file my_file.txt (compact mmCIF, C-alpha atoms (C1' of nucleotides))
# COMPACT_ATOMS: atom_id res chain seq x y z
CA MET A 134 131.57 126.06 105.82
CA LYS A 135 127.86 125.78 106.32
CA SER A 136 125.40 128.50 105.52
CA HIS A 137 125.01 130.98 108.37
CA ILE A 138 121.36 131.42 107.60
CA LYS A 139 119.14 129.61 110.04
CA ALA A 140 116.38 128.69 107.69
CA ASN A 141 113.53 126.93 109.43
CA MET A 142 110.90 125.58 107.16
CA LYS A 143 107.72 123.64 107.03
CA ILE A 144 107.34 120.27 105.42
CA SER A 145 106.29 121.44 101.96
CA GLN A 146 109.34 123.67 101.75
CA LEU A 147 111.57 120.73 102.63
CA ALA A 148 109.67 118.65 100.12
CA LYS A 149 110.25 121.16 97.36
CA THR A 150 113.91 121.58 98.21
CA THR A 151 114.70 117.88 98.30
CA ASN A 152 112.23 116.74 95.69
CA VAL A 153 110.67 114.28 98.10
CA ALA A 154 106.89 114.47 98.61
CA SER A 155 105.62 115.71 101.98
CA LYS A 156 103.70 112.51 102.30
CA THR A 157 106.86 110.52 101.82
CA ILE A 158 108.71 112.59 104.39
CA ARG A 159 106.04 111.85 106.97
CA TYR A 160 106.21 108.21 106.03
CA TYR A 161 109.97 108.12 106.49
CA GLU A 162 109.54 109.63 109.92
CA GLU A 163 106.87 107.09 110.77
CA ILE A 164 109.09 104.14 109.97
CA GLY A 165 112.04 105.66 111.77
CA LEU A 166 114.15 106.49 108.75
CA LEU A 167 114.01 110.13 109.78
CA PRO A 168 114.08 111.24 113.42
CA GLU A 169 110.89 112.69 114.84
CA ALA A 170 110.63 116.24 113.62
CA TYR A 171 110.47 119.17 115.98
CA ARG A 172 106.95 120.51 116.27
CA ASN A 173 106.18 124.15 116.75
CA ASP A 174 103.24 125.51 118.71
CA ASN A 175 100.56 124.63 116.23
CA GLY A 176 101.83 121.09 115.85
CA TYR A 177 103.39 121.62 112.46
CA ARG A 178 106.70 119.90 111.77
CA GLU A 179 109.60 122.27 111.48
CA TYR A 180 112.85 121.54 109.70
CA ARG A 181 116.29 123.13 109.56
CA ALA A 182 118.74 123.28 106.71
CA SER A 183 120.64 120.30 108.11
CA ASP A 184 117.61 118.10 107.61
CA ILE A 185 117.98 118.60 103.90
CA GLU A 186 121.19 116.59 103.82
CA ARG A 187 119.82 113.44 105.28
CA LEU A 188 116.79 113.53 103.05
CA VAL A 189 118.89 114.08 99.95
CA PHE A 190 121.02 111.14 101.02
CA ILE A 191 117.93 108.99 101.28
CA ARG A 192 116.62 110.18 97.96
CA ARG A 193 119.91 109.38 96.27
CA CYS A 194 119.86 105.90 97.77
CA ARG A 195 116.30 105.40 96.56
CA GLU A 196 117.31 106.45 93.08
CA LEU A 197 119.76 103.58 93.30
CA LYS A 198 116.86 101.35 94.37
CA ILE A 199 118.40 100.64 97.73
CA PRO A 200 115.61 99.35 100.02
CA LEU A 201 114.61 101.56 102.93
CA GLU A 202 115.77 98.97 105.44
CA GLN A 203 119.27 99.06 104.01
CA ILE A 204 119.26 102.83 103.97
CA LYS A 205 118.61 102.62 107.68
CA THR A 206 121.77 100.56 107.98
CA LEU A 207 123.76 103.03 105.94
CA ILE A 208 122.62 105.89 108.13
CA ALA A 209 123.48 103.98 111.28
CA VAL A 210 126.97 103.25 109.99
CA GLN A 211 127.41 106.83 108.95
CA VAL A 212 126.92 108.07 112.46
CA ASP A 213 130.06 106.41 113.75
CA GLN A 214 132.78 108.24 111.84
CA LYS A 215 135.44 105.79 112.93
CA SER A 216 133.71 102.58 111.97
CA SER A 217 134.87 100.69 108.92
CA CYS A 218 133.02 101.33 105.71
CA GLN A 219 133.20 97.68 104.72
CA GLU A 220 129.50 97.42 105.31
CA VAL A 221 128.87 100.29 102.94
CA ASP A 222 131.05 98.69 100.29
CA ALA A 223 129.32 95.36 100.69
CA LEU A 224 125.89 96.87 100.51
CA ILE A 225 126.63 98.75 97.31
CA ALA A 226 128.30 95.70 95.80
CA GLN A 227 125.30 93.61 96.67
CA GLN A 228 122.97 96.18 95.16
CA LEU A 229 125.06 96.17 92.00
CA GLU A 230 124.82 92.40 91.87
CA LYS A 231 121.07 92.51 92.20
CA VAL A 232 120.76 95.02 89.40
CA ARG A 233 122.97 92.95 87.15
CA THR A 234 120.98 89.82 87.83
CA THR A 235 117.75 91.61 87.07
CA ILE A 236 119.16 92.98 83.83
CA ALA A 237 120.17 89.47 82.79
CA GLU A 238 116.71 88.14 83.56
CA LEU A 239 114.97 90.94 81.74
CA THR A 240 117.21 90.51 78.73
CA MET A 241 116.07 86.92 78.40
CA LEU A 242 112.52 88.05 78.88
CA GLU A 243 112.96 90.62 76.16
CA LYS A 244 114.07 87.95 73.72
CA THR A 245 111.09 85.77 74.49
CA LEU A 246 108.65 88.64 74.17
CA HIS A 247 110.20 89.81 70.94
CA ALA A 248 109.96 86.35 69.44
CA LEU A 249 106.37 86.14 70.61
CA ALA A 250 105.47 89.58 69.30
CA THR A 251 106.60 88.71 65.80
CA SER A 252 105.11 85.22 65.76
CA CYS A 253 101.56 85.97 64.70
CA PRO A 254 100.73 86.87 61.07
CA ASN A 255 97.02 86.19 61.50
CA ASP A 256 94.30 88.41 62.74
CA LYS A 257 91.75 86.07 64.20
CA VAL A 258 92.10 84.86 67.73
CA GLY A 259 91.22 81.37 66.53
CA ASP A 260 94.60 80.87 64.96
CA CYS A 261 96.65 83.45 66.82
CA GLN A 262 100.17 82.13 67.16
CA ILE A 263 100.86 84.25 70.20
CA LEU A 264 98.06 82.64 72.13
CA LYS A 265 99.12 79.21 70.97
CA ASN A 266 102.66 79.84 72.09
CA LEU A 267 101.39 80.96 75.45
CA GLN A 268 99.60 77.64 75.86
CA GLN A 269 102.83 75.73 75.49
CA GLU A 270 104.57 74.32 78.50
CA MET B 174 94.05 64.46 70.09
CA LYS B 175 93.48 64.95 73.78
CA SER B 176 94.05 62.30 76.37
CA HIS B 177 91.07 59.99 76.79
CA ILE B 178 91.73 59.61 80.49
CA LYS B 179 89.34 61.59 82.63
CA ALA B 180 91.74 62.47 85.42
CA ASN B 181 90.07 64.32 88.26
CA MET B 182 92.42 65.68 90.81
CA LYS B 183 92.67 67.73 93.93
CA ILE B 184 94.36 71.06 94.19
CA SER B 185 97.82 69.84 95.20
CA GLN B 186 97.90 67.51 92.20
CA LEU B 187 97.05 70.40 89.90
CA ALA B 188 99.65 72.48 91.68
CA LYS B 189 102.34 69.87 91.10
CA THR B 190 101.37 69.37 87.47
CA THR B 191 101.35 73.05 86.57
CA ASN B 192 104.04 74.19 88.94
CA VAL B 193 101.75 76.75 90.52
CA ALA B 194 101.33 76.68 94.30
CA SER B 195 97.96 75.55 95.71
CA LYS B 196 97.77 78.79 97.55
CA THR B 197 98.22 80.70 94.33
CA ILE B 198 95.55 78.65 92.58
CA ARG B 199 93.06 79.53 95.29
CA TYR B 200 94.08 83.14 94.99
CA TYR B 201 93.53 83.12 91.23
CA GLU B 202 90.07 81.72 91.79
CA GLU B 203 89.35 84.36 94.39
CA ILE B 204 90.18 87.23 92.07
CA GLY B 205 88.27 85.66 89.20
CA LEU B 206 91.20 84.70 87.05
CA LEU B 207 90.10 81.09 87.34
CA PRO B 208 86.43 80.07 87.38
CA GLU B 209 85.06 78.75 90.65
CA ALA B 210 86.20 75.19 90.98
CA TYR B 211 83.78 72.32 91.27
CA ARG B 212 83.54 71.06 94.84
CA ASN B 213 83.00 67.46 95.75
CA ASP B 214 81.09 66.23 98.79
CA ASN B 215 83.63 67.13 101.39
CA GLY B 216 84.08 70.63 100.00
CA TYR B 217 87.42 69.97 98.36
CA ARG B 218 88.05 71.59 94.98
CA GLU B 219 88.22 69.13 92.14
CA TYR B 220 89.92 69.74 88.80
CA ARG B 221 89.95 68.06 85.42
CA ALA B 222 92.73 67.77 82.89
CA SER B 223 91.33 70.73 80.95
CA ASP B 224 91.97 72.99 83.91
CA ILE B 225 95.67 72.39 83.46
CA GLU B 226 95.72 74.31 80.19
CA ARG B 227 94.37 77.54 81.52
CA LEU B 228 96.68 77.46 84.47
CA VAL B 229 99.71 76.78 82.31
CA PHE B 230 98.65 79.68 80.14
CA ILE B 231 98.53 81.92 83.16
CA ARG B 232 101.86 80.69 84.42
CA ARG B 233 103.49 81.36 81.06
CA CYS B 234 102.07 84.86 81.05
CA ARG B 235 103.38 85.44 84.55
CA GLU B 236 106.82 84.26 83.48
CA LEU B 237 106.58 87.06 80.95
CA LYS B 238 105.66 89.40 83.81
CA ILE B 239 102.27 90.15 82.35
CA PRO B 240 100.09 91.59 85.14
CA LEU B 241 97.15 89.50 86.30
CA GLU B 242 94.67 92.11 85.10
CA GLN B 243 96.02 91.88 81.59
CA ILE B 244 95.96 88.10 81.71
CA LYS B 245 92.25 88.43 82.44
CA THR B 246 91.93 90.41 79.25
CA LEU B 247 93.86 87.82 77.28
CA ILE B 248 91.63 85.05 78.55
CA ALA B 249 88.50 87.01 77.74
CA VAL B 250 89.72 87.64 74.18
CA GLN B 251 90.66 84.01 73.81
CA VAL B 252 87.12 82.89 74.41
CA ASP B 253 85.79 84.47 71.24
CA GLN B 254 87.59 82.55 68.53
CA LYS B 255 86.46 84.95 65.82
CA SER B 256 87.56 88.18 67.43
CA SER B 257 90.65 89.95 66.17
CA CYS B 258 93.89 89.28 67.95
CA GLN B 259 94.95 92.90 67.66
CA GLU B 260 94.48 93.28 71.35
CA VAL B 261 96.79 90.36 72.01
CA ASP B 262 99.43 91.82 69.71
CA ALA B 263 99.16 95.22 71.36
CA LEU B 264 99.41 93.79 74.83
CA ILE B 265 102.52 91.81 74.06
CA ALA B 266 104.09 94.76 72.25
CA GLN B 267 103.35 96.95 75.22
CA GLN B 268 104.86 94.43 77.57
CA LEU B 269 107.95 94.28 75.40
CA GLU B 270 108.20 98.05 75.54
CA LYS B 271 107.96 98.05 79.30
CA VAL B 272 110.69 95.46 79.60
CA ARG B 273 112.95 97.42 77.26
CA THR B 274 112.41 100.61 79.19
CA THR B 275 113.20 98.89 82.44
CA ILE B 276 116.37 97.40 80.98
CA ALA B 277 117.49 100.84 79.85
CA GLU B 278 116.85 102.29 83.29
CA LEU B 279 118.63 99.50 85.05
CA THR B 280 121.59 99.77 82.72
CA MET B 281 122.06 103.37 83.74
CA LEU B 282 121.65 102.36 87.33
CA GLU B 283 124.28 99.71 86.91
CA LYS B 284 126.76 102.27 85.66
CA THR B 285 126.14 104.55 88.58
CA LEU B 286 126.42 101.75 91.09
CA HIS B 287 129.58 100.44 89.49
CA ALA B 288 131.19 103.87 89.60
CA LEU B 289 130.12 104.20 93.20
CA ALA B 290 131.37 100.76 94.18
CA THR B 291 134.86 101.49 92.92
CA SER B 292 135.03 105.01 94.30
CA CYS B 293 136.17 104.33 97.85
CA PRO B 294 139.76 103.32 98.61
CA ASN B 295 139.47 104.12 102.31
CA ASP B 296 138.24 102.02 105.12
CA LYS B 297 136.96 104.48 107.64
CA VAL B 298 133.45 105.79 107.36
CA GLY B 299 134.74 109.25 108.11
CA ASP B 300 136.24 109.63 104.68
CA CYS B 301 134.27 107.05 102.75
CA GLN B 302 133.87 108.27 99.21
CA ILE B 303 130.76 106.24 98.67
CA LEU B 304 128.95 107.99 101.47
CA LYS B 305 130.18 111.34 100.27
CA ASN B 306 128.94 110.65 96.79
CA LEU B 307 125.59 109.67 98.17
CA GLN B 308 125.31 113.04 99.89
CA GLN B 309 125.64 114.82 96.57
CA GLU B 310 122.61 116.27 94.90
C1' DA C 252 84.41 140.06 111.08
C1' DG C 253 84.00 136.68 107.76
C1' DT C 254 85.52 133.95 104.16
C1' DT C 255 88.47 131.88 100.84
C1' DG C 256 92.51 129.19 99.70
C1' DA C 257 96.59 127.10 100.87
C1' DC C 258 98.66 124.96 104.06
C1' DC C 259 99.07 121.45 108.05
C1' DT C 260 97.57 117.22 110.96
C1' DT C 261 96.15 112.08 111.69
C1' DA C 262 94.08 107.92 110.19
C1' DC C 263 92.49 104.71 107.05
C1' DT C 264 92.41 102.40 102.47
C1' DG C 265 94.42 100.65 98.22
C1' DT C 266 98.16 99.11 95.33
C1' DT C 267 100.61 93.94 93.29
C1' DA C 268 100.84 89.20 93.66
C1' DC C 269 101.26 86.57 96.37
C1' DT C 270 103.17 83.93 101.13
C1' DG C 271 102.71 82.51 105.95
C1' DG C 272 100.11 81.07 109.62
C1' DA C 273 96.18 79.89 112.58
C1' DA C 274 92.28 77.01 113.50
C1' DG C 275 89.79 73.40 112.19
C1' DG C 276 87.75 69.43 109.13
C1' DT C 277 88.96 64.99 106.18
C1' DT C 278 91.39 61.22 104.36
C1' DT C 279 94.84 57.80 104.27
C1' DA C 280 98.26 54.87 106.15
C1' DT C 281 100.09 52.36 109.85
C1' DA D 89 93.44 54.57 117.27
C1' DT D 90 96.26 57.78 115.93
C1' DA D 91 99.38 60.32 113.25
C1' DA D 92 100.65 62.32 108.84
C1' DA D 93 99.17 64.57 105.08
C1' DC D 94 95.84 66.55 103.00
C1' DC D 95 91.93 70.09 102.59
C1' DT D 96 89.13 74.41 104.04
C1' DT D 97 88.52 79.65 105.32
C1' DC D 98 90.20 83.77 107.16
C1' DC D 99 93.51 87.12 108.63
C1' DA D 100 98.02 89.39 108.47
C1' DG D 101 102.24 90.79 106.23
C1' DT D 102 105.17 92.23 102.35
C1' DA D 103 107.50 97.37 99.78
C1' DA D 104 107.04 101.97 99.39
C1' DC D 105 104.33 104.72 98.98
C1' DA D 106 99.62 107.42 96.97
C1' DG D 107 94.79 108.72 97.63
C1' DT D 108 91.22 110.36 100.40
C1' DA D 109 88.62 111.96 104.36
C1' DA D 110 87.93 114.88 108.22
C1' DG D 111 89.47 118.43 110.56
C1' DG D 112 92.78 122.29 112.47
C1' DT D 113 95.63 126.70 111.17
C1' DC D 114 97.17 130.73 108.94
C1' DA D 115 97.52 134.73 105.87
C1' DA D 116 95.17 137.66 102.80
C1' DC D 117 91.32 139.95 101.04
C1' DT D 118 86.65 141.89 101.23
call {"tool": "encode", "arguments": {"input": "my_file.txt", "output": "structure tokens"}}
result
Amino acid sequence: MKSHIKANMKISQLAKTTNVASKTIRYYEEIGLLPEAYRNDNGYREYRASDIERLVFIRRCRELKIPLEQIKTLIAVQVDQKSSCQEVDALIAQQLEKVRTTIAELTMLEKTLHALATSCPNDKVGDCQILKNLQQE
Amino acid sequence: MKSHIKANMKISQLAKTTNVASKTIRYYEEIGLLPEAYRNDNGYREYRASDIERLVFIRRCRELKIPLEQIKTLIAVQVDQKSSCQEVDALIAQQLEKVRTTIAELTMLEKTLHALATSCPNDKVGDCQILKNLQQE
DNA sequence: AGTTGACCTTACTGTTACTGGAAGGTTTAT
DNA sequence: ATAAACCTTCCAGTAACAGTAAGGTCAACT
């Protein structure tokens, strides 16, 4: 059961509620991730409680580093309640794969940097081991 | 002992040798990471063997994800052989810290994504657990 | 009534480190 | 002679915003 309160609000209220900056909300609208907001007489955007949901959904996806373009896809799929959620599964799986790959890469990078960081006992640039190591092919 | 061959070359030769795209080399020159290249009569850039070193240095730094601005600093420090390499140490340590932080963040992300990926046994969007989880605050 | 401060609007720029492409000049090989 | 393979500069695009400017609106206080 949804709230019976019809709580219209301006952009900064929505921003506060969802923890998404006003600027970002406008940007999402601009690129079509959010539908064009209703404008009241003075031209201000006006939002209803239901707008909160979609924005929270987007924010959650962004926390998972899902690109905006893919969030668009997720939203599109969501609209058709009867469609298969295979696409959703695949997208999340793919995102997981990307994260794992990045972790693997960064772990190797960490090793290299750690080795480098502990390689120089000198204090003059002239014989700095770090710099010498960085010269190496 | 350096090579005694004075091997002048054009940009694509330098690119091949250092494994840095010609386009990228021009870009580095444009932002002042590389000095302005000597031009021969037809206006083509011409490089000597010694130019390879600096570019390899830059490439190695980039492999370590060191930002171009910081590479500028490293090169500047390098020039003065007598200066302390504290700055170099600090920069590498800082880079290591950044990588470690990112790994930690991504590891948490991986957990969340993994949990999410295995949360949906259905196949209709209407009751897709993944989407429901993404709605949650 | 006037003014301050806190909102709102659009539009433009900057960020990072390149990559792609257009339009045109040069060199090399056939 | 001509075509392929170079080279040049310049402009646009990428991802996801953040910063700033210039200006309109609204509520409260003096």
call {"tool": "interface_residues", "arguments": {"input": "my_file.txt", "of": "chain A", "to": "chain D", "cutoff": "10 Å", "atoms": "all atoms listed in the file", "output": "list in words"}}
result
Lys156, Thr157, Tyr160, Tyr161, Asn175, Gly176, Tyr177, Pro200 and Leu201 of chain A
call {"tool": "interface_residues", "arguments": {"input": "my_file.txt", "of": "chain C", "to": "chain A", "cutoff": "12 Å", "atoms": "only C-alpha atoms (C1' of nucleotides)", "output": "PDB file with C-alpha atoms (C1' of nucleotides), in the coordinates of the input"}}
result
ATOM      1  C1'  DA C 257      96.590 127.100 100.870  1.00  0.00           C
ATOM      2  C1'  DC C 258      98.660 124.960 104.060  1.00  0.00           C
ATOM      3  C1'  DC C 259      99.070 121.450 108.050  1.00  0.00           C
ATOM      4  C1'  DT C 260      97.570 117.220 110.960  1.00  0.00           C
ATOM      5  C1'  DT C 261      96.150 112.080 111.690  1.00  0.00           C
TER       6       DT C 261
END
call {"tool": "closest_residue", "arguments": {"input": "my_file.txt", "among": "B:Gln243, B:Gln302, B:Gln186, B:Gln254", "to": "chain A", "atoms": "all atoms listed in the file"}}
result
B:Gln254
call {"tool": "interface_residues", "arguments": {"input": "my_file.txt", "of": "chain B", "to": "chain A", "cutoff": "7 Å", "atoms": "all atoms listed in the file", "output": "VMD selection string"}}
result
chain B and resid 226 229 to 230 233 to 234 237 251 254 to 259 262 265 to 266 269 272 to 273 276 279 282 to 283 286 to 287 290 296 to 299 301 307 to 308 310
call {"tool": "atom_distance", "arguments": {"input": "my_file.txt", "atom1": "atom CA of A:Ile158", "atom2": "atom CA of A:Ile199"}}
result
16.8 Å
call {"tool": "atom_distance", "arguments": {"input": "my_file.txt", "atom1": "atom CA of A:Thr234", "atom2": "atom CA of B:Ala194"}}
result
24.5 Å
call {"tool": "build_atoms", "arguments": {"input": "my_file.txt", "residues": "stretch 220-231 of chain B", "atoms": "all heavy atoms", "output": "CSV table (one decimal), in the frame of the given file"}}
result
chain,number,residue,atom,x,y,z
B,220,TYR,N,89.6,69.2,90.1
B,220,TYR,CA,89.9,69.7,88.8
B,220,TYR,C,90.0,68.6,87.8
B,220,TYR,O,90.3,67.5,88.1
B,220,TYR,CB,91.3,70.5,88.9
B,220,TYR,CG,91.3,71.6,89.8
B,220,TYR,CD1,91.6,71.5,91.1
B,220,TYR,CD2,90.8,72.9,89.4
B,220,TYR,CE1,91.6,72.6,92.0
B,220,TYR,CE2,90.8,74.0,90.2
B,220,TYR,CZ,91.2,73.8,91.5
B,220,TYR,OH,91.2,74.9,92.4
B,221,ARG,N,89.8,69.0,86.5
B,221,ARG,CA,90.0,68.1,85.4
B,221,ARG,C,91.2,68.4,84.6
B,221,ARG,O,91.7,69.5,84.7
B,221,ARG,CB,88.7,68.1,84.5
B,221,ARG,CG,87.5,67.4,85.2
B,221,ARG,CD,86.3,68.0,84.5
B,221,ARG,NE,86.2,69.4,84.5
B,221,ARG,CZ,85.6,70.2,83.7
B,221,ARG,NH1,85.0,69.7,82.7
B,221,ARG,NH2,85.7,71.5,83.8
B,222,ALA,N,91.5,67.6,83.7
B,222,ALA,CA,92.7,67.8,82.9
B,222,ALA,C,92.7,69.1,82.2
B,222,ALA,O,93.7,69.8,82.0
B,222,ALA,CB,92.9,66.6,81.9
B,223,SER,N,91.5,69.5,81.7
B,223,SER,CA,91.3,70.7,81.0
B,223,SER,C,91.7,72.0,81.8
B,223,SER,O,92.0,73.0,81.2
B,223,SER,CB,89.9,70.9,80.4
B,223,SER,OG,89.0,71.0,81.5
B,224,ASP,N,91.6,71.8,83.1
B,224,ASP,CA,92.0,73.0,83.9
B,224,ASP,C,93.5,73.3,83.9
B,224,ASP,O,93.9,74.4,84.2
B,224,ASP,CB,91.5,72.7,85.4
B,224,ASP,CG,90.0,72.7,85.5
B,224,ASP,OD1,89.4,73.6,85.0
B,224,ASP,OD2,89.5,71.8,86.1
B,225,ILE,N,94.2,72.2,83.5
B,225,ILE,CA,95.7,72.4,83.5
B,225,ILE,C,96.1,73.5,82.4
B,225,ILE,O,96.9,74.3,82.7
B,225,ILE,CB,96.3,71.0,83.1
B,225,ILE,CG1,96.1,70.0,84.2
B,225,ILE,CG2,97.8,71.2,82.9
B,225,ILE,CD1,96.6,68.6,83.9
B,226,GLU,N,95.4,73.4,81.3
B,226,GLU,CA,95.7,74.3,80.2
B,226,GLU,C,95.6,75.8,80.6
B,226,GLU,O,96.6,76.5,80.3
B,226,GLU,CB,94.8,74.1,79.0
B,226,GLU,CG,95.1,72.8,78.3
B,226,GLU,CD,94.1,72.6,77.1
B,226,GLU,OE1,93.8,73.6,76.4
B,226,GLU,OE2,93.6,71.4,76.9
B,227,ARG,N,94.5,76.1,81.2
B,227,ARG,CA,94.4,77.5,81.5
B,227,ARG,C,95.4,78.0,82.5
B,227,ARG,O,96.0,79.1,82.4
B,227,ARG,CB,93.0,77.8,82.1
B,227,ARG,CG,92.9,79.2,82.7
B,227,ARG,CD,91.5,79.6,83.0
B,227,ARG,NE,90.7,79.9,81.8
B,227,ARG,CZ,89.5,80.6,81.8
B,227,ARG,NH1,89.0,80.9,83.0
B,227,ARG,NH2,88.9,80.8,80.7
B,228,LEU,N,95.7,77.1,83.4
B,228,LEU,CA,96.7,77.5,84.5
B,228,LEU,C,98.1,77.6,83.9
B,228,LEU,O,98.8,78.5,84.3
B,228,LEU,CB,96.6,76.4,85.6
B,228,LEU,CG,97.2,76.9,86.9
B,228,LEU,CD1,96.7,78.3,87.3
B,228,LEU,CD2,96.8,75.9,88.0
B,229,VAL,N,98.4,76.7,83.0
B,229,VAL,CA,99.7,76.8,82.3
B,229,VAL,C,99.8,78.1,81.5
B,229,VAL,O,100.8,78.8,81.5
B,229,VAL,CB,99.9,75.6,81.4
B,229,VAL,CG1,101.1,75.8,80.5
B,229,VAL,CG2,100.2,74.3,82.2
B,230,PHE,N,98.7,78.4,80.9
B,230,PHE,CA,98.6,79.7,80.1
B,230,PHE,C,99.0,80.9,81.1
B,230,PHE,O,99.8,81.7,80.8
B,230,PHE,CB,97.3,79.9,79.5
B,230,PHE,CG,97.1,81.2,78.8
B,230,PHE,CD1,97.6,81.3,77.5
B,230,PHE,CD2,96.4,82.2,79.4
B,230,PHE,CE1,97.4,82.5,76.8
B,230,PHE,CE2,96.3,83.4,78.7
B,230,PHE,CZ,96.7,83.6,77.4
B,231,ILE,N,98.3,80.8,82.2
B,231,ILE,CA,98.5,81.9,83.2
B,231,ILE,C,100.0,81.9,83.6
B,231,ILE,O,100.6,83.0,83.7
B,231,ILE,CB,97.6,81.8,84.4
B,231,ILE,CG1,96.1,82.0,83.9
B,231,ILE,CG2,97.9,82.8,85.5
B,231,ILE,CD1,95.1,81.6,85.0
